[in-house]
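Data from target39.txt: compact mmCIF, C-alpha atoms
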```txt
# COMPACT_ATOMS: atom_id res chain seq x y z
CA MET W 1 0.00 0.00 0.00
CA ALA W 2 1.07 3.56 -0.61
CA GLU W 3 -0.28 6.99 0.11
CA VAL W 4 -1.38 8.87 -3.00
CA SER W 5 -2.22 12.54 -2.96
CA LEU W 6 -3.60 14.35 -5.96
CA LYS W 7 -6.35 16.77 -6.86
CA VAL W 8 -9.50 15.57 -8.58
CA ASN W 9 -11.68 18.38 -9.95
CA GLY W 10 -9.97 20.83 -7.63
CA LYS W 11 -10.43 18.79 -4.45
CA VAL W 12 -7.45 17.19 -2.69
CA GLU W 13 -7.76 13.42 -2.54
CA ASN W 14 -5.38 11.75 -0.16
CA HIS W 15 -5.80 7.98 0.11
CA GLU W 16 -3.92 4.83 0.85
CA VAL W 17 -4.20 2.47 -2.13
CA GLY W 18 -2.46 -0.56 -3.57
CA GLU W 19 0.63 0.45 -5.53
CA ASN W 20 -0.76 -1.25 -8.63
CA THR W 21 -3.99 0.80 -8.55
CA LEU W 22 -4.87 2.25 -11.93
CA LEU W 23 -5.81 5.91 -12.03
CA VAL W 24 -9.25 4.98 -13.38
CA ASP W 25 -9.90 2.69 -10.41
CA PHE W 26 -8.70 5.39 -8.04
CA ILE W 27 -11.19 7.81 -9.62
CA ARG W 28 -14.11 5.38 -9.73
CA GLU W 29 -13.64 3.22 -6.65
CA THR W 30 -11.69 5.37 -4.21
CA VAL W 31 -12.97 8.84 -5.04
CA GLY W 32 -16.36 7.54 -6.15
CA LEU W 33 -16.69 9.45 -9.42
CA THR W 34 -18.17 6.98 -11.88
CA GLY W 35 -18.53 9.28 -14.90
CA THR W 36 -15.14 8.06 -16.10
CA HIS W 37 -15.86 4.72 -17.77
CA VAL W 38 -13.96 1.52 -18.50
CA GLY W 39 -14.98 0.16 -21.88
CA CYS W 40 -12.19 -2.29 -22.63
CA ASP W 41 -9.25 -4.03 -21.04
CA THR W 42 -6.72 -3.22 -23.72
CA SER W 43 -6.19 0.56 -23.53
CA GLN W 44 -7.95 1.08 -26.84
CA CYS W 45 -11.46 2.44 -26.28
CA GLY W 46 -10.84 5.82 -24.62
CA ALA W 47 -13.99 5.75 -22.43
CA CYS W 48 -11.69 6.50 -19.48
CA VAL W 49 -10.07 9.66 -20.87
CA VAL W 50 -9.45 12.33 -18.23
CA HIS W 51 -7.12 15.32 -18.15
CA VAL W 52 -3.99 15.12 -16.02
CA ASP W 53 -2.45 18.58 -15.65
CA GLY W 54 -4.46 19.67 -18.67
CA VAL W 55 -3.37 16.82 -20.92
CA SER W 56 -5.72 14.04 -22.05
CA VAL W 57 -4.72 10.55 -20.92
CA LYS W 58 -6.30 7.13 -20.74
CA ALA W 59 -6.84 6.71 -17.00
CA CYS W 60 -6.79 2.92 -17.45
CA THR W 61 -3.20 3.08 -18.67
CA MET W 62 -1.71 5.13 -15.90
CA LEU W 63 -1.13 4.20 -12.29
CA ALA W 64 -2.61 6.41 -9.60
CA MET W 65 0.92 6.79 -8.23
CA GLN W 66 2.07 8.23 -11.55
CA ALA W 67 -0.47 11.01 -11.07
CA GLU W 68 0.84 11.87 -7.59
CA GLY W 69 0.74 15.65 -7.12
CA SER W 70 -1.19 16.19 -10.35
CA GLU W 71 -4.46 17.95 -11.04
CA VAL W 72 -6.93 15.53 -12.55
CA THR W 73 -10.09 16.71 -14.29
CA THR W 74 -12.88 14.22 -14.98
CA ILE W 75 -16.17 14.62 -16.84
CA GLU W 76 -17.75 15.64 -13.52
CA GLY W 77 -15.30 18.52 -13.26
CA ILE W 78 -16.08 20.36 -16.48
CA GLY W 79 -19.71 21.30 -15.90
CA SER W 80 -22.82 20.46 -13.91
CA SER W 81 -26.34 19.26 -14.72
CA GLU W 82 -27.52 22.86 -14.36
CA LYS W 83 -24.67 24.37 -16.33
CA LEU W 84 -23.21 22.04 -18.93
CA HIS W 85 -19.81 22.62 -20.52
CA PRO W 86 -20.26 24.01 -24.07
CA MET W 87 -18.93 20.73 -25.47
CA GLN W 88 -21.50 18.77 -23.44
CA GLU W 89 -24.22 21.13 -24.67
CA ALA W 90 -23.10 20.52 -28.25
CA PHE W 91 -23.27 16.72 -27.78
CA HIS W 92 -26.77 17.15 -26.30
CA GLU W 93 -28.01 19.36 -29.12
CA ASN W 94 -26.49 17.34 -31.96
CA HIS W 95 -27.48 13.92 -30.67
CA GLY W 96 -23.79 13.12 -30.29
CA LEU W 97 -24.51 9.96 -28.36
CA GLN W 98 -26.54 6.83 -28.62
CA CYS W 99 -25.95 4.60 -25.59
CA GLY W 100 -23.72 7.26 -24.02
CA PHE W 101 -21.06 4.94 -22.67
CA CYS W 102 -18.18 6.42 -24.69
CA THR W 103 -19.40 10.01 -24.24
CA PRO W 104 -17.32 11.05 -21.20
CA GLY W 105 -14.12 10.06 -22.99
CA MET W 106 -15.26 11.62 -26.27
CA VAL W 107 -16.03 14.92 -24.53
CA MET W 108 -12.72 14.99 -22.64
CA SER W 109 -10.73 14.21 -25.82
CA ALA W 110 -12.75 16.77 -27.78
CA ILE W 111 -12.07 19.53 -25.23
CA GLU W 112 -8.32 18.95 -25.49
CA LEU W 113 -8.55 18.81 -29.28
CA VAL W 114 -10.31 22.19 -29.41
CA SER W 115 -7.89 23.70 -26.89
CA LYS W 116 -5.12 23.02 -29.42
CA ASN W 117 -7.07 23.69 -32.61
CA LYS W 118 -9.88 26.22 -32.28
CA SER W 119 -11.76 25.29 -35.43
CA PRO W 120 -10.84 21.76 -36.45
CA SER W 121 -11.92 20.33 -39.80
CA GLU W 122 -13.87 17.10 -40.01
CA ALA W 123 -10.65 15.20 -40.85
CA GLU W 124 -8.83 16.77 -37.92
CA ILE W 125 -11.67 15.82 -35.56
CA ARG W 126 -11.71 12.23 -36.80
CA ASP W 127 -7.93 12.09 -36.41
CA GLY W 128 -8.11 13.70 -32.95
CA LEU W 129 -10.66 11.13 -31.77
CA GLU W 130 -8.61 8.19 -33.02
CA GLY W 131 -8.21 6.95 -29.45
CA ASN W 132 -11.93 6.92 -28.69
CA ILE W 133 -14.19 4.11 -29.83
CA CYS W 134 -17.99 4.44 -30.10
CA ARG W 135 -19.38 0.91 -30.07
CA CYS W 136 -22.70 2.25 -31.43
CA THR W 137 -20.67 3.59 -34.38
CA GLY W 138 -22.34 6.95 -33.95
CA TYR W 139 -19.32 8.85 -35.23
CA HIS W 140 -21.16 11.09 -37.66
CA ASN W 141 -23.03 13.01 -34.98
CA ILE W 142 -20.03 12.95 -32.65
CA VAL W 143 -18.01 14.79 -35.30
CA LYS W 144 -20.89 17.27 -35.79
CA SER W 145 -21.06 17.76 -32.02
CA VAL W 146 -17.35 18.50 -31.76
CA GLN W 147 -17.60 21.03 -34.59
CA ALA W 148 -20.53 22.73 -32.83
CA GLY W 149 -18.71 22.49 -29.49
CA ALA W 150 -15.64 24.15 -31.00
CA GLU W 151 -17.81 27.06 -32.17
CA LYS W 152 -19.43 27.39 -28.75
CA MET W 153 -16.01 27.34 -27.12
CA GLY W 154 -15.14 30.41 -29.17
CA GLY W 155 -13.40 28.87 -32.19
CA MET L 1 -2.54 -6.75 -12.53
CA TYR L 2 -0.34 -8.61 -10.08
CA SER L 3 0.72 -6.64 -7.06
CA THR L 4 3.98 -4.79 -7.41
CA LYS L 5 6.03 -2.07 -5.81
CA ILE L 6 6.71 1.35 -7.28
CA VAL L 7 10.02 3.13 -6.85
CA LYS L 8 10.32 6.73 -8.00
CA ALA L 9 13.89 7.29 -9.15
CA GLU L 10 15.36 10.78 -9.00
CA ASN L 11 18.09 10.13 -11.54
CA SER L 12 19.24 7.34 -13.80
CA SER L 13 21.85 6.02 -11.36
CA ALA L 14 19.14 5.68 -8.68
CA ALA L 15 17.02 3.84 -11.26
CA VAL L 16 19.86 1.43 -12.02
CA GLN L 17 20.40 0.87 -8.31
CA ALA L 18 16.71 0.08 -7.83
CA ILE L 19 16.84 -2.47 -10.65
CA GLY L 20 19.90 -4.04 -9.06
CA SER L 21 18.18 -4.45 -5.72
CA SER L 22 15.00 -5.92 -7.22
CA LYS L 23 14.46 -9.46 -8.44
CA GLU L 24 12.79 -8.63 -11.72
CA GLY L 25 12.44 -4.89 -11.71
CA LYS L 26 11.23 -3.07 -14.82
CA ILE L 27 11.72 0.51 -15.85
CA LEU L 28 8.43 2.36 -16.21
CA ALA L 29 8.70 5.13 -18.82
CA GLY L 30 5.40 6.26 -20.37
CA GLY L 31 3.85 2.85 -19.72
CA MET L 32 1.94 2.71 -23.00
CA THR L 33 3.11 -0.85 -23.63
CA LEU L 34 4.12 -1.92 -20.13
CA ILE L 35 0.87 -1.07 -18.34
CA PRO L 36 -1.38 -2.91 -20.85
CA THR L 37 1.03 -5.85 -20.54
CA LEU L 38 0.73 -5.78 -16.75
CA LYS L 39 -3.06 -5.50 -16.95
CA GLN L 40 -3.14 -8.72 -18.96
CA ARG L 41 -0.84 -10.35 -16.38
CA LEU L 42 1.67 -11.07 -19.12
CA ALA L 43 4.45 -9.77 -16.88
CA ASN L 44 4.96 -9.94 -13.15
CA PRO L 45 7.74 -7.57 -12.11
CA ASP L 46 8.29 -7.28 -8.35
CA CYS L 47 9.14 -3.63 -8.79
CA LEU L 48 8.44 -0.81 -11.26
CA ILE L 49 11.00 1.96 -11.41
CA ASP L 50 9.29 5.18 -12.46
CA ILE L 51 11.86 7.37 -14.24
CA SER L 52 9.56 10.31 -14.97
CA GLY L 53 11.32 12.36 -12.30
CA CYS L 54 14.84 11.79 -13.66
CA GLY L 55 14.95 14.95 -15.77
CA LEU L 56 15.26 13.07 -19.06
CA GLU L 57 12.91 15.26 -21.10
CA GLY L 58 13.75 17.81 -23.75
CA VAL L 59 14.98 18.48 -27.25
CA GLU L 60 18.40 19.99 -28.00
CA ASP L 61 20.01 21.14 -31.23
CA LYS L 62 23.57 19.78 -31.30
CA GLY L 63 24.59 21.24 -34.65
CA SER L 64 24.80 18.23 -36.93
CA SER L 65 22.33 16.26 -34.81
CA VAL L 66 19.27 16.60 -32.61
CA ARG L 67 19.39 15.08 -29.12
CA ILE L 68 16.08 14.10 -27.54
CA GLY L 69 15.70 13.06 -23.91
CA ALA L 70 14.48 9.51 -23.34
CA MET L 71 11.35 10.60 -21.45
CA THR L 72 10.27 13.13 -24.09
CA LYS L 73 6.69 12.38 -25.06
CA HIS L 74 5.71 11.68 -28.67
CA ALA L 75 3.38 14.71 -28.57
CA ALA L 76 6.28 16.95 -27.51
CA VAL L 77 8.45 15.73 -30.40
CA ALA L 78 5.54 16.12 -32.85
CA GLU L 79 4.96 19.69 -31.68
CA SER L 80 8.60 20.74 -31.26
CA SER L 81 9.47 23.64 -33.58
CA LEU L 82 13.14 22.65 -33.28
CA VAL L 83 12.46 19.11 -34.55
CA ALA L 84 10.05 20.41 -37.22
CA LYS L 85 12.84 22.63 -38.57
CA ALA L 86 15.80 20.25 -38.25
CA ILE L 87 14.19 16.87 -39.08
CA PRO L 88 10.53 17.36 -40.09
CA ALA L 89 10.20 13.64 -40.89
CA LEU L 90 10.90 12.83 -37.25
CA ALA L 91 8.17 15.21 -36.05
CA ASP L 92 5.76 13.61 -38.55
CA LEU L 93 6.66 10.13 -37.33
CA ALA L 94 6.07 11.07 -33.69
CA GLY L 95 2.75 12.69 -34.59
CA GLY L 96 1.57 9.50 -36.26
CA ILE L 97 2.20 7.11 -33.37
CA GLY L 98 -0.90 5.56 -31.78
CA ASP L 99 -3.55 8.09 -30.84
CA ARG L 100 -3.48 11.46 -29.07
CA GLN L 101 -3.60 9.93 -25.59
CA VAL L 102 -0.79 7.49 -26.38
CA ARG L 103 1.31 10.38 -27.73
CA ASN L 104 0.64 12.36 -24.55
CA ARG L 105 2.21 9.63 -22.40
CA GLY L 106 4.38 7.45 -24.64
CA THR L 107 8.10 8.21 -24.71
CA LEU L 108 10.99 7.95 -27.16
CA GLY L 109 13.13 5.96 -24.73
CA GLY L 110 10.34 3.54 -23.90
CA SER L 111 9.66 2.85 -27.57
CA VAL L 112 13.32 2.34 -28.43
CA ALA L 113 14.04 0.14 -25.38
CA ASN L 114 11.00 -2.04 -26.08
CA ASN L 115 11.96 -2.48 -29.76
CA ASP L 116 8.53 -3.67 -30.82
CA PRO L 117 8.91 -5.06 -34.37
CA ALA L 118 6.06 -2.80 -35.51
CA ALA L 119 7.01 0.37 -33.61
CA CYS L 120 7.77 3.52 -35.59
CA TYR L 121 10.69 5.05 -33.68
CA PRO L 122 13.29 2.28 -34.22
CA SER L 123 13.17 2.97 -37.97
CA ALA L 124 14.03 6.64 -37.36
CA VAL L 125 16.92 5.74 -35.06
CA MET L 126 18.31 3.38 -37.74
CA ALA L 127 17.75 5.61 -40.78
CA LEU L 128 18.99 8.78 -39.09
CA ASP L 129 22.20 7.04 -38.02
CA GLY L 130 21.15 7.55 -34.42
CA THR L 131 23.05 7.06 -31.20
CA VAL L 132 21.44 5.72 -28.06
CA HIS L 133 22.94 7.38 -24.98
CA THR L 134 22.68 5.33 -21.81
CA ASN L 135 23.98 5.95 -18.29
CA LYS L 136 27.04 3.86 -19.28
CA ARG L 137 27.86 4.39 -22.94
CA ASP L 138 26.84 5.53 -26.40
CA ILE L 139 25.48 2.81 -28.68
CA SER L 140 25.15 3.31 -32.44
CA ALA L 141 21.79 2.36 -33.96
CA ASP L 142 23.38 -0.40 -36.03
CA ASP L 143 24.60 -2.08 -32.82
CA PHE L 144 21.56 -1.35 -30.68
CA PHE L 145 18.66 -3.31 -32.20
CA LYS L 146 19.26 -7.04 -31.76
CA GLY L 147 16.01 -8.61 -32.97
CA MET L 148 12.38 -8.73 -31.96
CA PHE L 149 12.01 -6.97 -28.56
CA GLU L 150 15.78 -7.40 -28.10
CA THR L 151 18.32 -4.62 -27.71
CA ALA L 152 21.94 -4.23 -26.68
CA LEU L 153 20.83 -2.78 -23.33
CA GLU L 154 22.28 -4.51 -20.31
CA GLU L 155 20.49 -5.07 -17.01
CA ASP L 156 22.12 -2.06 -15.40
CA GLU L 157 21.53 0.30 -18.29
CA VAL L 158 18.96 3.04 -18.75
CA ILE L 159 18.48 5.08 -21.92
CA GLU L 160 18.98 8.76 -21.17
CA ALA L 161 18.65 10.22 -24.66
CA VAL L 162 18.80 9.46 -28.37
CA SER L 163 20.63 11.57 -30.98
CA PHE L 164 19.50 11.73 -34.59
CA LYS L 165 21.75 13.02 -37.38
CA LYS L 166 20.24 15.79 -39.46
CA PRO L 167 19.70 14.54 -43.01
CA GLU L 168 19.55 16.59 -46.20
CA LYS L 169 16.13 15.13 -46.74
CA ALA L 170 14.04 12.46 -45.05
CA CYS L 171 10.57 10.98 -45.01
CA TYR L 172 8.75 8.27 -43.07
CA MET L 173 5.90 6.45 -44.74
CA LYS L 174 3.74 4.09 -42.74
CA PHE L 175 1.08 1.67 -43.86
CA PRO L 176 -0.79 1.34 -40.59
CA ASN L 177 -2.64 -1.74 -39.50
CA PRO L 178 -6.25 -0.52 -39.67
CA ALA L 179 -7.07 -1.77 -36.16
CA SER L 180 -3.95 -1.26 -34.07
CA ARG L 181 -2.41 1.62 -36.06
CA TYR L 182 0.98 0.00 -35.61
CA ALA L 183 3.04 -0.15 -38.79
CA MET L 184 2.19 -3.11 -41.00
CA VAL L 185 5.14 -1.72 -42.91
CA GLY L 186 6.90 1.55 -42.21
CA VAL L 187 9.85 2.83 -44.23
CA PHE L 188 12.14 5.65 -43.14
CA VAL L 189 14.29 7.05 -45.94
CA ALA L 190 17.06 9.50 -45.04
CA LYS L 191 19.35 11.14 -47.59
CA PHE L 192 22.77 12.26 -46.36
CA SER L 193 25.60 13.84 -48.33
CA ASP L 194 27.46 10.50 -48.28
CA GLY L 195 24.55 8.21 -49.09
CA VAL L 196 21.00 7.12 -48.36
CA ARG L 197 19.83 5.06 -45.39
CA VAL L 198 16.59 3.08 -45.58
CA ALA L 199 15.15 1.46 -42.45
CA VAL L 200 12.11 -0.80 -42.45
CA THR L 201 9.84 -1.51 -39.50
CA GLY L 202 6.74 -3.68 -39.12
CA ALA L 203 7.95 -6.24 -41.62
CA GLY L 204 11.07 -8.05 -40.44
CA GLU L 205 10.94 -11.25 -38.41
CA GLU L 206 13.88 -9.85 -36.46
CA GLY L 207 12.38 -6.39 -36.06
CA VAL L 208 13.66 -3.20 -37.65
CA PHE L 209 16.33 -3.57 -40.36
CA ARG L 210 18.19 -1.58 -43.00
CA HIS L 211 17.53 -2.48 -46.60
CA SER L 212 20.93 -2.50 -48.28
CA ASP L 213 19.67 -3.00 -51.86
CA LEU L 214 17.32 -0.03 -51.61
CA GLU L 215 20.09 2.00 -49.97
CA SER L 216 22.60 1.41 -52.75
CA ALA L 217 20.00 1.98 -55.50
CA LEU L 218 18.90 5.26 -53.93
CA SER L 219 22.44 6.37 -53.13
CA SER L 220 23.29 6.34 -56.84
CA ASN L 221 19.93 7.58 -58.08
CA PHE L 222 17.47 9.13 -55.60
CA SER L 223 14.28 8.46 -57.54
CA GLU L 224 11.18 6.29 -57.69
CA GLU L 225 12.62 4.58 -60.79
CA ALA L 226 15.61 3.45 -58.77
CA VAL L 227 13.23 1.82 -56.27
CA SER L 228 11.33 0.10 -59.10
CA GLY L 229 14.60 -1.47 -60.19
CA VAL L 230 15.04 -3.24 -56.84
CA GLU L 231 13.38 -6.56 -56.29
CA VAL L 232 12.34 -6.61 -52.64
CA SER L 233 12.62 -10.16 -51.36
CA SER L 234 10.10 -11.58 -48.88
CA ASP L 235 12.81 -13.67 -47.19
CA GLY L 236 12.88 -12.96 -43.47
CA LEU L 237 9.63 -10.99 -43.51
CA MET L 238 6.71 -11.71 -41.22
CA SER L 239 3.57 -13.52 -42.30
CA ASP L 240 0.61 -13.22 -39.98
CA ILE L 241 -3.17 -12.72 -40.01
CA HIS L 242 -2.68 -9.13 -41.12
CA ALA L 243 -0.43 -9.66 -44.13
CA SER L 244 1.71 -12.26 -45.87
CA ALA L 245 5.45 -11.84 -46.32
CA ASP L 246 4.92 -11.21 -50.06
CA TYR L 247 2.37 -8.49 -49.33
CA ARG L 248 4.79 -6.88 -46.90
CA ALA L 249 7.62 -7.08 -49.45
CA ASN L 250 5.43 -5.26 -51.95
CA LEU L 251 4.55 -2.63 -49.34
CA ILE L 252 8.23 -2.01 -48.61
CA GLY L 253 8.78 -1.00 -52.25
CA GLU L 254 5.60 1.05 -52.32
CA MET L 255 6.28 2.90 -49.05
CA THR L 256 9.86 3.58 -50.16
CA LYS L 257 8.60 5.09 -53.43
CA ARG L 258 6.16 7.29 -51.56
CA ALA L 259 8.89 8.39 -49.15
CA VAL L 260 11.28 9.23 -52.00
CA SER L 261 8.69 11.17 -54.00
CA SER L 262 7.22 13.12 -51.09
```

Serialized structure, structure tokens:
Amino acid sequence: MAEVSLKVNGKVENHEVGENTLLVDFIRETVGLTGTHVGCDTSQCGACVVHVDGVSVKACTMLAMQAEGSEVTTIEGIGSSEKLHPMQEAFHENHGLQCGFCTPGMVMSAIELVSKNKSPSEAEIRDGLEGNICRCTGYHNIVKSVQAGAEKMGG
Amino acid sequence: MYSTKIVKAENSSAAVQAIGSSKEGKILAGGMTLIPTLKQRLANPDCLIDISGCGLEGVEDKGSSVRIGAMTKHAAVAESSLVAKAIPALADLAGGIGDRQVRNRGTLGGSVANNDPAACYPSAVMALDGTVHTNKRDISADDFFKGMFETALEEDEVIEAVSFKKPEKACYMKFPNPASRYAMVGVFVAKFSDGVRVAVTGAGEEGVFRHSDLESALSSNFSEEAVSGVEVSSDGLMSDIHASADYRANLIGEMTKRAVSS
């Protein structure tokens, strides 16, 4: 066991966990934020994407101890039910989800994408979401949502 | 994942010491291959030595070469204006590895030390006449890669940086596997004043290799026609569910042509 201290959505989380604890398990099981999903066991699907110090990472492919001292932002940290993040609003308005399981990861990846490229083309969005799989294959509306989200974010 | 211990090393000599005092310790760089391997319980190291705090990140212009720290992320190489100016092909290669999240965590040193037969970076190290700098010595690319997942690294050795010679012209062309995005065949062509180096990844049964016939053809005539004149043999190439050795041989010629004409 080891003590891990990091910030999740601005709040300090200091817990004793197994040294082999994945960041995603720390977020879901220890902190109790279940918006970050686990959709595969092979680091491919991207449902677990969160931001660590502003950079998108797959939380299933990072140990909690590697995030020691970092600021982690999850889907719960970007908006609220009353006040959605512009990217969440765009997914809502453009029917950017079917079952919704991949959505947290899609939104987190999309926000980083737009932070680096204010008005991405369709090709750039598809390339930027390479690490996120939608099992419903609803990519068309996801791409539309990200384009609309980019505009809302001031692109 | 089996239980394990994590040691955070402050410098590469502390990392080497930690390996020495473990039974089967493993260096943890970006973890983009190691962590999925651990999750599948395909490895059971008693100790992981995290080298992210060893100060091994950064890109430096060394005149005739570019030196990149072992822990430099693929995204940082892809976005480095220094690399884009000195060796644009290297920035392109880094920007085409995996997906955005893999590039945000995956490192040059990790990729080179792992020597996956389908990884992109080993081809750049070979074609750009690279040097692998460890805590003990400098190893030239031609001596470093020893076969599939095998390198010249010894137990008590950690990669600190890799230097790449600046070419007159270079290009990396990858035919990615549509599912994994690893190279089914990737060809790195680098033209220097004294000749052309061609390194092939994704295809060889022994991992990355230099293609001497393509090198000599292109050294005397740097053109697509010169590539057409070389018969690429399928001897020693991989055959698997993704592609036969013959298909890969054909792709080597095709990717080389595209690299030369780009």

Could you list, with a cut-off of 10 Å and counting all atoms listed in the file, the residues of chain W near chain L, each shown with its nearest atom pair and the distance in Å rounded to one decimal, rows sorted by chain and ascending number, as CSV?
```
residue,atom,partner,partner_atom,distance
W:Met1,CA,L:Lys5,CA,8.6
W:Ala2,CA,L:Ile6,CA,9.0
W:Gly18,CA,L:Ser3,CA,7.7
W:Glu19,CA,L:Lys5,CA,6.0
W:Asn20,CA,L:Ser3,CA,5.8
W:Thr21,CA,L:Met1,CA,8.7
W:Leu22,CA,L:Ile35,CA,9.2
W:Asp41,CA,L:Lys39,CA,7.6
W:Thr42,CA,L:Pro36,CA,6.1
W:Ser43,CA,L:Pro36,CA,6.5
W:Gln44,CA,L:Ser180,CA,8.6
W:Gly46,CA,L:Gln101,CA,8.4
W:Val49,CA,L:Gln101,CA,8.0
W:Val50,CA,L:Gln101,CA,9.7
W:His51,CA,L:Gln101,CA,9.8
W:Val55,CA,L:Asn104,CA,7.0
W:Ser56,CA,L:Gln101,CA,5.8
W:Val57,CA,L:Gln101,CA,4.8
W:Lys58,CA,L:Gln101,CA,6.2
W:Ala59,CA,L:Gln101,CA,9.7
W:Cys60,CA,L:Pro36,CA,8.6
W:Thr61,CA,L:Ile35,CA,5.8
W:Met62,CA,L:Gly31,CA,7.1
W:Leu63,CA,L:Ile35,CA,8.3
W:Met65,CA,L:Ile6,CA,8.0
W:Gln66,CA,L:Asp50,CA,7.9
W:Ser109,CA,L:Gln101,CA,8.3
W:Glu112,CA,L:Arg100,CA,9.6
W:Leu113,CA,L:Arg100,CA,8.9
W:Asp127,CA,L:Asp99,CA,8.1
W:Gly128,CA,L:Arg100,CA,6.4
W:Leu129,CA,L:Arg100,CA,7.7
W:Glu130,CA,L:Asp99,CA,5.5
W:Gly131,CA,L:Asp99,CA,5.0
W:Asn132,CA,L:Asp99,CA,8.7
```

Rounded to one decimal in Å, what is the spacing between atom CA of L:Ala199 and atom CA of L:Gly186?
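So the two atoms, atom CA of L:Ala199 and atom CA of L:Gly186, lie 8.3 Å apart.
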
Just give me the gap between atom CA of L:His74 and atom CA of L:Met255 in Å, one decimal is fine.
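Between atom CA of L:His74 and atom CA of L:Met255 the gap is 22.2 Å.
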
Can you pull out every residue within 12 Å of L:Arg258, counting only C-alpha atoms, but drop anything in the same chain fewer than 4 positions away, and send it as a PyMOL selection string?
chain L and resi 170-175+186-189+223-225+227-228+251-254+262

Nearest residue to L:Phe145 from the set L:Asp235, L:Glu206, L:Glu10, L:Glu157 (distances using all atoms listed in the file)
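Closest to L:Phe145 of all the choices is L:Glu206.
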
Atom CA of L:Ile68 and atom CA of L:Ser212 are how many Å apart?
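So the two atoms, atom CA of L:Ile68 and atom CA of L:Ser212, lie 27.0 Å apart.
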
Residues near W:Ser70, cut-off 9 Å, all atoms listed in the file, skip fewer than 6 positions along chain, as an MDAnalysis selection string
chainID W and resid 5:8 52:53

Have a look at W:Met87, W:Leu33, W:Ala64, W:Met108 and name the one nearest to W:Glu16; count all atoms listed in the file.
W:Ala64

Smallest atom-to-atom distance to W:Val72: which of W:Gly54, W:Ser121, W:Cys136, W:Gln147, using only C-alpha atoms?
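Under the stated criterion, the closest residue is W:Gly54.
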
Please, what is the axis-aligned box for every listed atom of stretch 100-106 of chain L with 3 Å on each side, as centre and edge lengths in Å to one decimal, as JSON?
```
{"center_x": 0.4, "center_y": 9.9, "center_z": -25.7, "size_x": 14.0, "size_y": 10.9, "size_z": 12.7}
```

Counting only C-alpha atoms, which of L:Leu93, L:Val59, L:Leu237, L:Ile49 gets nearest to L:Ser81?
L:Val59

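Summary of the local environment: counting all atoms listed in the file, residues at most 6 Å from L:His133, other than itself and those fewer than 2 positions away along its chain, are Asp138, Ile159, Glu160, Ala161 and Val162 of chain L.
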
Long-range neighbours of L:Ser216 as JSON, numbers by chain, 12 Å cut-off, all atoms listed in the file, 3 positions minimum in chain:
{"L": [191, 194, 195, 196, 197, 198, 210, 211, 212, 213, 219, 220, 221, 222, 223, 226, 227, 229, 230]}

Residues as selected, C-alpha atoms, written as a PDB file, in the coordinates of the input, can you do that?
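Just written: out18.pdb:
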```
ATOM      1  CA  LYS L 191      19.350  11.140 -47.590  1.00  0.00           C
ATOM      2  CA  ASP L 194      27.460  10.500 -48.280  1.00  0.00           C
ATOM      3  CA  GLY L 195      24.550   8.210 -49.090  1.00  0.00           C
ATOM      4  CA  VAL L 196      21.000   7.120 -48.360  1.00  0.00           C
ATOM      5  CA  ARG L 197      19.830   5.060 -45.390  1.00  0.00           C
ATOM      6  CA  VAL L 198      16.590   3.080 -45.580  1.00  0.00           C
ATOM      7  CA  ARG L 210      18.190  -1.580 -43.000  1.00  0.00           C
ATOM      8  CA  HIS L 211      17.530  -2.480 -46.600  1.00  0.00           C
ATOM      9  CA  SER L 212      20.930  -2.500 -48.280  1.00  0.00           C
ATOM     10  CA  ASP L 213      19.670  -3.000 -51.860  1.00  0.00           C
ATOM     11  CA  SER L 219      22.440   6.370 -53.130  1.00  0.00           C
ATOM     12  CA  SER L 220      23.290   6.340 -56.840  1.00  0.00           C
ATOM     13  CA  ASN L 221      19.930   7.580 -58.080  1.00  0.00           C
ATOM     14  CA  PHE L 222      17.470   9.130 -55.600  1.00  0.00           C
ATOM     15  CA  SER L 223      14.280   8.460 -57.540  1.00  0.00           C
ATOM     16  CA  ALA L 226      15.610   3.450 -58.770  1.00  0.00           C
ATOM     17  CA  VAL L 227      13.230   1.820 -56.270  1.00  0.00           C
ATOM     18  CA  GLY L 229      14.600  -1.470 -60.190  1.00  0.00           C
ATOM     19  CA  VAL L 230      15.040  -3.240 -56.840  1.00  0.00           C
TER      20      VAL L 230
END
```

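Nearest to W:Gly77 of all the residues W:Gly10, W:Ile125, W:Gly96, W:Gly149 is W:Gly10, based on all atoms listed in the file.
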
Supply stretch 26-31 of chain W as an mmCIF file, in the coordinates of the input, with N, CA and C atoms built in where the input has gaps.
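What follows is the written file selection_22.cif:
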```
data_model
loop_
_atom_site.group_PDB
_atom_site.id
_atom_site.type_symbol
_atom_site.label_atom_id
_atom_site.label_comp_id
_atom_site.auth_asym_id
_atom_site.auth_seq_id
_atom_site.Cartn_x
_atom_site.Cartn_y
_atom_site.Cartn_z
ATOM 1 N N PHE W 26 -8.788 4.390 -9.119
ATOM 2 C CA PHE W 26 -8.700 5.390 -8.040
ATOM 3 C C PHE W 26 -9.871 6.375 -8.169
ATOM 4 N N ILE W 27 -10.113 6.831 -9.396
ATOM 5 C CA ILE W 27 -11.190 7.810 -9.620
ATOM 6 C C ILE W 27 -12.563 7.193 -9.330
ATOM 7 N N ARG W 28 -12.775 5.997 -9.846
ATOM 8 C CA ARG W 28 -14.110 5.380 -9.730
ATOM 9 C C ARG W 28 -14.364 4.781 -8.345
ATOM 10 N N GLU W 29 -13.404 3.989 -7.871
ATOM 11 C CA GLU W 29 -13.640 3.220 -6.650
ATOM 12 C C GLU W 29 -13.285 4.012 -5.385
ATOM 13 N N THR W 30 -12.151 4.692 -5.423
ATOM 14 C CA THR W 30 -11.690 5.370 -4.210
ATOM 15 C C THR W 30 -12.372 6.725 -4.052
ATOM 16 N N VAL W 31 -12.361 7.515 -5.116
ATOM 17 C CA VAL W 31 -12.970 8.840 -5.040
ATOM 18 C C VAL W 31 -14.489 8.747 -5.229
#
```
